[in-house]
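File shown: target.cif (mmCIF, C-alpha atoms and all ligand atoms).
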data_coords
loop_
_atom_site.group_PDB
_atom_site.id
_atom_site.type_symbol
_atom_site.label_atom_id
_atom_site.label_comp_id
_atom_site.auth_asym_id
_atom_site.auth_seq_id
_atom_site.Cartn_x
_atom_site.Cartn_y
_atom_site.Cartn_z
ATOM 1 C CA MET A 1 -3.054 3.875 29.535
ATOM 2 C CA LYS A 2 -4.508 5.872 26.697
ATOM 3 C CA VAL A 3 -4.700 4.452 23.183
ATOM 4 C CA LEU A 4 -5.414 6.948 20.413
ATOM 5 C CA ILE A 5 -6.773 6.002 17.011
ATOM 6 C CA ALA A 6 -5.571 8.780 14.698
ATOM 7 C CA THR A 7 -6.940 8.160 11.223
ATOM 8 C CA ASP A 8 -7.359 10.808 8.597
ATOM 9 C CA LYS A 9 -9.141 8.109 6.565
ATOM 10 C CA PRO A 10 -11.408 6.496 9.188
ATOM 11 C CA PHE A 11 -11.825 2.785 9.808
ATOM 12 C CA ALA A 12 -15.294 1.267 9.376
ATOM 13 C CA LYS A 13 -17.329 1.626 12.596
ATOM 14 C CA ILE A 14 -17.226 -2.142 13.175
ATOM 15 C CA ALA A 15 -13.416 -1.938 13.290
ATOM 16 C CA VAL A 16 -13.434 0.970 15.756
ATOM 17 C CA ASP A 17 -15.874 -1.005 17.949
ATOM 18 C CA GLY A 18 -13.563 -4.031 17.805
ATOM 19 C CA ILE A 19 -10.534 -1.939 18.721
ATOM 20 C CA ARG A 20 -12.475 -0.379 21.593
ATOM 21 C CA ASN A 21 -13.325 -3.864 22.940
ATOM 22 C CA GLU A 22 -9.682 -4.941 22.899
ATOM 23 C CA VAL A 23 -8.477 -1.731 24.508
ATOM 24 C CA GLU A 24 -11.158 -1.541 27.197
ATOM 25 C CA GLU A 25 -10.894 -5.235 28.054
ATOM 26 C CA ALA A 26 -7.254 -4.575 28.877
ATOM 27 C CA GLY A 27 -8.356 -1.767 31.190
ATOM 28 C CA PHE A 28 -7.079 0.969 28.850
ATOM 29 C CA GLU A 29 -8.890 4.040 27.562
ATOM 30 C CA LEU A 30 -9.618 4.726 23.875
ATOM 31 C CA ALA A 31 -9.554 8.147 22.191
ATOM 32 C CA LEU A 32 -10.524 8.774 18.590
ATOM 33 C CA LEU A 33 -9.315 11.408 16.124
ATOM 34 C CA GLU A 34 -10.746 10.940 12.647
ATOM 35 C CA LYS A 35 -10.860 12.984 9.440
ATOM 36 C CA TYR A 36 -8.589 15.685 10.864
ATOM 37 C CA THR A 37 -7.589 18.383 8.439
ATOM 38 C CA GLN A 38 -4.869 20.230 10.377
ATOM 39 C CA LYS A 39 -1.659 18.769 11.757
ATOM 40 C CA GLN A 40 -2.304 20.763 14.942
ATOM 41 C CA GLU A 41 -5.324 18.526 15.665
ATOM 42 C CA LEU A 42 -3.010 15.525 15.622
ATOM 43 C CA LEU A 43 -0.389 17.316 17.735
ATOM 44 C CA ASP A 44 -3.073 18.142 20.332
ATOM 45 C CA ALA A 45 -4.541 14.627 20.328
ATOM 46 C CA VAL A 46 -1.232 12.829 20.914
ATOM 47 C CA VAL A 47 -0.216 14.894 23.954
ATOM 48 C CA ASP A 48 -1.332 12.316 26.546
ATOM 49 C CA ALA A 49 -1.418 9.174 24.355
ATOM 50 C CA ASP A 50 0.580 6.137 25.464
ATOM 51 C CA ALA A 51 -0.102 4.311 22.205
ATOM 52 C CA ILE A 52 -1.288 5.395 18.768
ATOM 53 C CA ILE A 53 -2.955 3.404 15.993
ATOM 54 C CA ILE A 54 -2.548 5.008 12.578
ATOM 55 C CA ARG A 55 -3.010 4.261 8.877
ATOM 56 C CA SER A 56 -1.191 6.444 6.322
ATOM 57 C CA ASP A 57 -1.108 9.265 8.872
ATOM 58 C CA ILE A 58 2.229 11.070 9.103
ATOM 59 C CA ILE A 59 4.057 10.502 12.364
ATOM 60 C CA ASP A 60 7.106 12.732 12.096
ATOM 61 C CA ALA A 61 9.609 13.988 14.671
ATOM 62 C CA GLU A 62 7.288 16.853 15.657
ATOM 63 C CA VAL A 63 4.399 14.493 16.419
ATOM 64 C CA ILE A 64 6.688 12.194 18.392
ATOM 65 C CA ALA A 65 8.081 15.140 20.370
ATOM 66 C CA ALA A 66 4.532 16.294 21.175
ATOM 67 C CA ALA A 67 3.567 12.834 22.470
ATOM 68 C CA LYS A 68 5.371 12.894 25.789
ATOM 69 C CA ASN A 69 3.887 9.612 27.102
ATOM 70 C CA LEU A 70 4.188 7.707 23.842
ATOM 71 C CA LYS A 71 5.455 4.118 24.030
ATOM 72 C CA ILE A 72 4.230 2.541 20.816
ATOM 73 C CA VAL A 73 2.849 3.446 17.385
ATOM 74 C CA VAL A 74 1.164 0.720 15.360
ATOM 75 C CA ARG A 75 0.585 1.322 11.693
ATOM 76 C CA ALA A 76 -2.595 -0.685 11.018
ATOM 77 C CA GLY A 77 -1.401 -1.858 7.630
ATOM 78 C CA ALA A 78 1.755 -2.800 5.807
ATOM 79 C CA GLY A 79 3.799 0.231 4.718
ATOM 80 C CA TYR A 80 5.402 2.328 7.467
ATOM 81 C CA ASP A 81 7.131 4.925 5.279
ATOM 82 C CA ASN A 82 4.829 7.495 6.928
ATOM 83 C CA VAL A 83 6.554 7.096 10.306
ATOM 84 C CA ASP A 84 9.908 8.662 11.200
ATOM 85 C CA LEU A 85 11.480 5.471 12.528
ATOM 86 C CA GLU A 86 14.684 7.164 13.661
ATOM 87 C CA ALA A 87 12.880 9.878 15.617
ATOM 88 C CA ALA A 88 10.721 7.183 17.223
ATOM 89 C CA LYS A 89 13.757 5.098 18.127
ATOM 90 C CA ALA A 90 15.556 8.105 19.590
ATOM 91 C CA ALA A 91 12.511 8.793 21.768
ATOM 92 C CA GLY A 92 12.298 5.131 22.847
ATOM 93 C CA VAL A 93 9.058 4.589 20.917
ATOM 94 C CA CYS A 94 8.389 1.172 19.418
ATOM 95 C CA VAL A 95 6.925 1.185 15.889
ATOM 96 C CA MET A 96 5.050 -1.829 14.506
ATOM 97 C CA ASN A 97 2.971 -2.674 11.458
ATOM 98 C CA THR A 98 0.345 -5.391 11.002
ATOM 99 C CA PRO A 99 1.679 -7.314 7.989
ATOM 100 C CA GLY A 100 -0.803 -9.201 5.832
ATOM 101 C CA GLN A 101 -3.949 -7.976 7.568
ATOM 102 C CA ASN A 102 -5.172 -5.837 4.670
ATOM 103 C CA ALA A 103 -3.425 -7.740 1.856
ATOM 104 C CA ASN A 104 -6.476 -9.433 0.350
ATOM 105 C CA ALA A 105 -8.360 -6.137 0.143
ATOM 106 C CA VAL A 106 -5.505 -4.513 -1.777
ATOM 107 C CA ALA A 107 -5.135 -7.538 -4.051
ATOM 108 C CA GLU A 108 -8.849 -7.480 -4.907
ATOM 109 C CA LEU A 109 -8.591 -3.829 -5.889
ATOM 110 C CA VAL A 110 -5.752 -4.699 -8.294
ATOM 111 C CA PHE A 111 -8.266 -6.716 -10.283
ATOM 112 C CA GLY A 112 -10.904 -3.992 -10.074
ATOM 113 C CA LEU A 113 -8.417 -1.624 -11.676
ATOM 114 C CA LEU A 114 -7.304 -4.231 -14.212
ATOM 115 C CA ILE A 115 -10.811 -5.063 -15.415
ATOM 116 C CA TYR A 116 -11.475 -1.338 -15.822
ATOM 117 C CA ALA A 117 -8.259 -1.040 -17.868
ATOM 118 C CA VAL A 118 -8.722 -4.013 -20.184
ATOM 119 C CA ARG A 119 -12.381 -3.044 -20.831
ATOM 120 C CA ASN A 120 -11.190 0.395 -21.994
ATOM 121 C CA PHE A 121 -12.639 2.317 -19.056
ATOM 122 C CA PHE A 122 -16.107 1.023 -20.066
ATOM 123 C CA ASN A 123 -16.164 3.340 -23.082
ATOM 124 C CA GLY A 124 -18.225 0.937 -25.168
ATOM 125 C CA THR A 125 -15.426 -0.392 -27.394
ATOM 126 C CA SER A 126 -14.257 -4.027 -27.388
ATOM 127 C CA GLY A 127 -11.676 -4.602 -24.727
ATOM 128 C CA THR A 128 -9.627 -7.673 -23.894
ATOM 129 C CA GLU A 129 -9.731 -10.394 -21.241
ATOM 130 C CA LEU A 130 -7.308 -11.161 -18.461
ATOM 131 C CA THR A 131 -7.318 -14.897 -19.182
ATOM 132 C CA GLY A 132 -4.089 -15.999 -20.843
ATOM 133 C CA LYS A 133 -2.264 -12.733 -20.136
ATOM 134 C CA LYS A 134 1.075 -12.652 -18.347
ATOM 135 C CA LEU A 135 0.935 -10.870 -15.006
ATOM 136 C CA GLY A 136 4.265 -9.792 -13.511
ATOM 137 C CA ILE A 137 4.171 -9.274 -9.765
ATOM 138 C CA HIS A 138 6.827 -6.770 -8.727
ATOM 139 C CA ALA A 139 7.588 -7.872 -5.137
ATOM 140 C CA TYR A 140 6.132 -11.061 -3.731
ATOM 141 C CA GLY A 141 5.009 -10.083 -0.234
ATOM 142 C CA ASN A 142 1.586 -10.516 1.332
ATOM 143 C CA VAL A 143 -0.219 -8.474 -1.315
ATOM 144 C CA GLY A 144 1.762 -10.035 -4.163
ATOM 145 C CA LYS A 145 0.856 -13.540 -2.955
ATOM 146 C CA ASN A 146 -2.851 -12.676 -2.866
ATOM 147 C CA VAL A 147 -2.615 -11.113 -6.317
ATOM 148 C CA ALA A 148 -1.066 -14.362 -7.606
ATOM 149 C CA ARG A 149 -3.858 -16.458 -6.089
ATOM 150 C CA ILE A 150 -6.574 -14.360 -7.700
ATOM 151 C CA ALA A 151 -4.711 -14.064 -11.031
ATOM 152 C CA LYS A 152 -4.573 -17.840 -11.322
ATOM 153 C CA ALA A 153 -8.344 -18.018 -10.929
ATOM 154 C CA PHE A 154 -8.564 -15.604 -13.875
ATOM 155 C CA GLY A 155 -6.458 -18.057 -15.917
ATOM 156 C CA MET A 156 -3.475 -15.729 -16.070
ATOM 157 C CA GLU A 157 0.137 -16.816 -16.328
ATOM 158 C CA VAL A 158 1.830 -15.413 -13.230
ATOM 159 C CA LEU A 159 5.452 -14.303 -12.906
ATOM 160 C CA ALA A 160 7.100 -12.643 -9.925
ATOM 161 C CA TYR A 161 10.329 -10.934 -8.989
ATOM 162 C CA ASP A 162 11.399 -10.451 -5.402
ATOM 163 C CA PRO A 163 15.044 -10.456 -4.284
ATOM 164 C CA PHE A 164 13.906 -10.901 -0.668
ATOM 165 C CA CYS A 165 11.707 -13.938 -1.280
ATOM 166 C CA ARG A 166 13.116 -17.423 -1.794
ATOM 167 C CA GLU A 167 12.471 -18.911 -5.219
ATOM 168 C CA GLU A 168 10.925 -22.045 -3.647
ATOM 169 C CA VAL A 169 8.232 -19.917 -1.993
ATOM 170 C CA ILE A 170 7.275 -18.384 -5.341
ATOM 171 C CA LEU A 171 7.425 -21.735 -7.142
ATOM 172 C CA ALA A 172 5.280 -23.411 -4.465
ATOM 173 C CA ASP A 173 2.457 -21.024 -5.395
ATOM 174 C CA GLY A 174 2.642 -22.077 -9.039
ATOM 175 C CA VAL A 175 4.246 -18.754 -9.955
ATOM 176 C CA LYS A 176 7.311 -18.378 -12.187
ATOM 177 C CA PRO A 177 10.130 -16.474 -10.488
ATOM 178 C CA THR A 178 12.215 -14.272 -12.798
ATOM 179 C CA CYS A 179 15.942 -13.794 -12.279
ATOM 180 C CA SER A 180 15.806 -10.002 -12.468
ATOM 181 C CA VAL A 181 13.351 -7.145 -12.407
ATOM 182 C CA LYS A 182 14.303 -6.429 -16.016
ATOM 183 C CA THR A 183 13.247 -9.909 -17.068
ATOM 184 C CA LEU A 184 9.945 -9.445 -15.239
ATOM 185 C CA TYR A 185 9.228 -6.254 -17.171
ATOM 186 C CA GLN A 186 10.315 -7.844 -20.480
ATOM 187 C CA GLN A 187 8.119 -10.910 -20.041
ATOM 188 C CA SER A 188 4.896 -9.450 -18.588
ATOM 189 C CA ASP A 189 1.828 -8.004 -20.328
ATOM 190 C CA ILE A 190 0.744 -6.479 -17.037
ATOM 191 C CA ILE A 191 2.881 -5.348 -14.096
ATOM 192 C CA SER A 192 1.413 -5.133 -10.599
ATOM 193 C CA VAL A 193 3.626 -3.031 -8.329
ATOM 194 C CA HIS A 194 4.040 -4.061 -4.682
ATOM 195 C CA ILE A 195 7.430 -2.672 -3.661
ATOM 196 C CA PRO A 196 7.630 -0.534 -0.516
ATOM 197 C CA ALA A 197 8.812 3.077 -0.744
ATOM 198 C CA ASN A 198 12.336 3.336 0.650
ATOM 199 C CA LYS A 199 15.717 4.813 -0.290
ATOM 200 C CA GLU A 200 16.414 2.002 -2.766
ATOM 201 C CA THR A 201 13.005 1.908 -4.444
ATOM 202 C CA LYS A 202 12.025 5.580 -4.715
ATOM 203 C CA GLN A 203 11.691 6.572 -8.400
ATOM 204 C CA SER A 204 13.070 3.136 -9.327
ATOM 205 C CA ILE A 205 10.320 2.514 -11.893
ATOM 206 C CA ASN A 206 11.999 4.709 -14.454
ATOM 207 C CA ALA A 207 12.613 5.042 -18.199
ATOM 208 C CA GLU A 208 15.032 2.123 -18.239
ATOM 209 C CA LEU A 209 12.506 -0.322 -16.777
ATOM 210 C CA LEU A 210 9.486 1.027 -18.637
ATOM 211 C CA ALA A 211 11.342 0.668 -21.952
ATOM 212 C CA LEU A 212 11.434 -3.105 -21.421
ATOM 213 C CA LEU A 213 7.653 -3.515 -21.365
ATOM 214 C CA PRO A 214 5.954 -5.002 -24.411
ATOM 215 C CA LYS A 215 3.680 -2.825 -26.526
ATOM 216 C CA GLY A 216 0.222 -2.285 -25.008
ATOM 217 C CA ALA A 217 1.291 -3.150 -21.469
ATOM 218 C CA ILE A 218 -0.608 -2.135 -18.344
ATOM 219 C CA MET A 219 0.886 -1.106 -15.022
ATOM 220 C CA VAL A 220 -1.204 -1.198 -11.874
ATOM 221 C CA ASN A 221 0.232 0.515 -8.822
ATOM 222 C CA THR A 222 -1.432 -0.144 -5.480
ATOM 223 C CA ALA A 223 1.851 0.351 -3.605
ATOM 224 C CA ARG A 224 3.264 3.889 -3.310
ATOM 225 C CA LYS A 225 3.460 6.869 -5.669
ATOM 226 C CA GLU A 226 7.099 7.505 -4.694
ATOM 227 C CA VAL A 227 8.352 4.353 -6.465
ATOM 228 C CA ILE A 228 7.415 5.826 -9.846
ATOM 229 C CA HIS A 229 9.669 8.271 -11.703
ATOM 230 C CA ASP A 230 6.829 10.589 -12.747
ATOM 231 C CA ALA A 231 8.656 12.466 -15.504
ATOM 232 C CA ASP A 232 9.880 9.210 -17.072
ATOM 233 C CA LEU A 233 6.373 7.759 -16.939
ATOM 234 C CA VAL A 234 4.938 10.795 -18.740
ATOM 235 C CA LYS A 235 7.605 10.543 -21.457
ATOM 236 C CA TYR A 236 7.004 6.795 -21.817
ATOM 237 C CA MET A 237 3.234 7.278 -22.089
ATOM 238 C CA GLU A 238 3.666 10.026 -24.694
ATOM 239 C CA ALA A 239 5.774 7.664 -26.797
ATOM 240 C CA ASN A 240 3.577 4.597 -26.124
ATOM 241 C CA PRO A 241 -0.062 5.597 -26.523
ATOM 242 C CA THR A 242 -1.392 2.062 -25.919
ATOM 243 C CA PHE A 243 0.167 1.753 -22.441
ATOM 244 C CA LYS A 244 -2.170 2.174 -19.462
ATOM 245 C CA TYR A 245 -1.284 3.318 -15.943
ATOM 246 C CA MET A 246 -3.812 2.430 -13.238
ATOM 247 C CA THR A 247 -3.127 3.523 -9.697
ATOM 248 C CA ASP A 248 -4.594 3.638 -6.214
ATOM 249 C CA ILE A 249 -2.256 6.432 -5.165
ATOM 250 C CA LEU A 250 -2.895 9.893 -6.547
ATOM 251 C CA PRO A 251 0.358 10.967 -8.232
ATOM 252 C CA ASP A 252 1.839 14.427 -7.611
ATOM 253 C CA ASN A 253 1.440 15.174 -11.334
ATOM 254 C CA HIS A 254 -2.200 14.040 -11.433
ATOM 255 C CA ALA A 255 -3.464 17.109 -13.349
ATOM 256 C CA GLU A 256 -0.843 16.640 -16.066
ATOM 257 C CA MET A 257 -1.524 12.891 -16.319
ATOM 258 C CA LEU A 258 -5.255 13.417 -16.595
ATOM 259 C CA GLU A 259 -4.917 16.125 -19.204
ATOM 260 C CA LYS A 260 -2.437 14.195 -21.344
ATOM 261 C CA PHE A 261 -3.767 10.642 -20.970
ATOM 262 C CA PRO A 262 -7.500 10.718 -20.199
ATOM 263 C CA ASN A 263 -8.042 7.300 -21.814
ATOM 264 C CA ASN A 264 -4.911 5.593 -20.481
ATOM 265 C CA TYR A 265 -4.625 6.816 -16.916
ATOM 266 C CA PHE A 266 -6.862 6.212 -13.936
ATOM 267 C CA THR A 267 -6.401 6.962 -10.265
ATOM 268 C CA THR A 268 -8.654 6.481 -7.280
ATOM 269 C CA PRO A 269 -9.140 9.873 -5.600
ATOM 270 C CA LYS A 270 -7.958 8.532 -2.235
ATOM 271 C CA LYS A 271 -6.044 5.299 -1.544
ATOM 272 C CA MET A 272 -8.844 2.733 -1.397
ATOM 273 C CA GLY A 273 -6.984 -0.598 -1.518
ATOM 274 C CA ALA A 274 -7.245 -1.338 2.187
ATOM 275 C CA GLN A 275 -10.560 0.430 2.631
ATOM 276 C CA THR A 276 -12.877 -2.519 3.291
ATOM 277 C CA SER A 277 -14.639 -3.387 6.548
ATOM 278 C CA GLU A 278 -12.806 -6.705 6.607
ATOM 279 C CA ALA A 279 -9.356 -5.154 6.189
ATOM 280 C CA ASN A 280 -10.183 -2.421 8.732
ATOM 281 C CA VAL A 281 -11.292 -5.054 11.258
ATOM 282 C CA ASN A 282 -8.295 -7.296 10.599
ATOM 283 C CA ALA A 283 -5.663 -4.550 10.711
ATOM 284 C CA GLY A 284 -7.328 -2.438 13.412
ATOM 285 C CA ILE A 285 -7.885 -5.292 15.849
ATOM 286 C CA ALA A 286 -4.420 -6.714 15.181
ATOM 287 C CA ALA A 287 -3.006 -3.272 16.014
ATOM 288 C CA ALA A 288 -4.988 -3.094 19.257
ATOM 289 C CA LYS A 289 -3.919 -6.620 20.289
ATOM 290 C CA GLN A 290 -0.274 -5.814 19.494
ATOM 291 C CA ILE A 291 -0.440 -2.687 21.666
ATOM 292 C CA VAL A 292 -1.960 -4.560 24.614
ATOM 293 C CA ASP A 293 0.559 -7.396 24.262
ATOM 294 C CA PHE A 294 3.434 -4.911 24.069
ATOM 295 C CA ILE A 295 2.352 -2.886 27.080
ATOM 296 C CA VAL A 296 1.300 -5.841 29.235
ATOM 297 C CA ASN A 297 3.874 -8.476 28.192
ATOM 298 C CA GLY A 298 6.589 -6.518 26.396
ATOM 299 C CA ASN A 299 5.998 -8.498 23.186
ATOM 300 C CA GLU A 300 7.907 -6.775 20.378
ATOM 301 C CA GLN A 301 6.903 -9.050 17.508
ATOM 302 C CA PHE A 302 6.239 -6.892 14.422
ATOM 303 C CA LYS A 303 8.574 -4.125 15.644
ATOM 304 C CA VAL A 304 10.074 -2.350 12.615
ATOM 305 C CA ASN A 305 12.451 0.182 14.201
HETATM 306 C C1 LIG B 401 -0.759 -0.203 3.616
HETATM 307 O O1 LIG B 401 0.429 0.146 3.568
HETATM 308 O O2 LIG B 401 -1.169 -1.004 4.468
HETATM 309 C C2 LIG B 401 -1.719 0.286 2.574
HETATM 310 O O3 LIG B 401 -1.110 1.213 1.742
HETATM 311 C C3 LIG B 401 -3.027 0.802 3.139
HETATM 312 O O4 LIG B 401 -2.965 2.114 3.603
HETATM 313 P P1 LIG B 401 -4.210 2.800 4.348
HETATM 314 O O5 LIG B 401 -4.400 2.115 5.656
HETATM 315 O O6 LIG B 401 -3.830 4.233 4.490
HETATM 316 O O7 LIG B 401 -5.419 2.634 3.483
#
Please go through the file and, once you have read it, give me the structure as structure tokens.
Amino acid sequence: MKVLIATDKPFAKIAVDGIRNEVEEAGFELALLEKYTQKQELLDAVVDADAIIIRSDIIDAEVIAAAKNLKIVVRAGAGYDNVDLEAAKAAGVCVMNTPGQNANAVAELVFGLLIYAVRNFFNGTSGTELTGKKLGIHAYGNVGKNVARIAKAFGMEVLAYDPFCREEVILADGVKPTCSVKTLYQQSDIISVHIPANKETKQSINAELLALLPKGAIMVNTARKEVIHDADLVKYMEANPTFKYMTDILPDNHAEMLEKFPNNYFTTPKKMGAQTSEANVNAGIAAAKQIVDFIVNGNEQFKVN
């Protein structure tokens, strides 16, 4: 059995070593493809792989067709919008994610971005504090929960909206659930975006929602660029010069955003939320264990297709 780690953005070495241990202890072989620049490198590497561990790497129908022995793909992380689930299903390939394993890392980055925003990008002028501000968590999954925990330590008032999460779960964390996404946007000084990118959510953060935000709001997006309606965001920022957009996912209109809003827009150059040794170890080793358990015992927990 051959397990391939295919990561354009490599895991920390300690995580690769941990994955290797899991894989070799099971009697499997590990192959590594990191920092590839051409899709062909991926297509060549998957040819004899029985299992693949990926991050945001694109696994489309062509990659699946090239991987003749493939049985399972595990996305070491939360979002699996980078995998063609239908093509995988049609080819009898199981797709899994490793929910929660990198959530704390992403949540910590939210606050890195927020401090940078409220301190005016460290430009020397007086900023503001997070204490006492209202933080609206848009989707209360694993990352949202960690964001709430940290926000409370900052003395923030925390609100959340999630149609898929029971109100009791949100309330139990000392967080105020809102009845609609509109209410969340109306009542929050800061919005932290944690919705996945899917048919329903793509471009859903649009003019209508943005218009509900109070003056001087901040939006931090550590989720996916696709959930933002880029043109609407530009228009909103032109009309609301005190709004700040902080993101961990380089938008398609990055050049325009940077040119128009140099003091109100910040993006990391490459998605860094989950890029900590701890998150790499947690997600990478979970992925390896899930592969071994699937191949040896047929365990399909965490299957998403
Ligand atoms: C996720 O969905 O788990 C995060 O977006 C992290 O993605 P990454 O593994 O590519 O950093």
(Q) Which residues would end up in the selection if the PyMOL selection byres (((not hetatm)) within 6 of (chain B and resi 401)) were applied here, given that I need the answer as a list in words? (A) Arg55, Ser56, Gly77, Ala78, Gly79, Lys271, Met272, Ala274 and Gln275 of chain A
Q) Nearest to Asn299 in chain A: which of A:Ile72, A:Ala148, A:Leu258, A:Leu171 is it, counting only C-alpha atoms? A)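 Smallest distance to Asn299 in chain A is found for A:Ile72.
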(Q) I'd like to know which of A:Pro269, A:Gly141, A:Gly136, A:Gly298 is closest to Ile218 in chain A, using all atoms listed in the file. (A)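 Closest to Ile218 in chain A, using all atoms listed in the file: A:Gly136.
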Q: Please measure the separation of CA of Ala45 in chain A and CA of Asp17 in chain A, giving the value in Å to one decimal.
A: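 Between CA of Ala45 in chain A and CA of Asp17 in chain A the gap is 19.5 Å.
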Q: Would you write out, as a list in words, every residue that the PyMOL selection byres (((chain A and resi 95) around 8) and not hetatm) captures in this file?
A: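 Evaluating the PyMOL selection byres (((chain A and resi 95) around 8) and not hetatm) on this file yields Ile72, Val73, Val74, Arg75, Leu85, Ala88, Val93, Cys94, Met96, Asn97, Lys303, Val304 and Asn305 of chain A.
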Q: List the residues selected by the PyMOL selection byres (((chain A and resi 175-183) around 12) and not hetatm) in the file shown, writing them as a ChimeraX atom specification.
A: /A:134-140,144-152,156-174,184-188,191,193,195,204-214
Q.
Between CA of Gly273 in chain A and CA of Val220 in chain A, what is the distance in Å, rounded to a tenth?
A.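 CA of Val220 in chain A lies at a distance of 11.9 Å from CA of Gly273 in chain A.
If only C-alpha atoms are the atoms counted, then among A:Val143, A:Ala76, A:Ala153, A:Met246 the closest residue to Gly112 in chain A is A:Met246.
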Q: In the coordinate frame of the file, compute which residues have an atom within 7 Å of (0.9, 12.7, 13.0) when using only C-alpha atoms, and state them as an MDAnalysis selection string.
A: chainID A and resid 39 42:43 57:60 63
Q) Got a sec: who's within 10 Å of Gln203 in chain A, counting all atoms listed in the file, leaving out chain neighbours fewer than 4 positions off, as a list in words? A)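 Counting only the stated atoms, we get Ala197, Asn198, Lys199, Ala207, Lys225, Glu226, Val227, Ile228, His229, Asp230, Ala231 and Asp232 of chain A.
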Q) If you measure from CA of Met219 in chain A to CA of Pro99 in chain A, what distance in Å do you get, rounded to one decimal? A) 23.8 Å
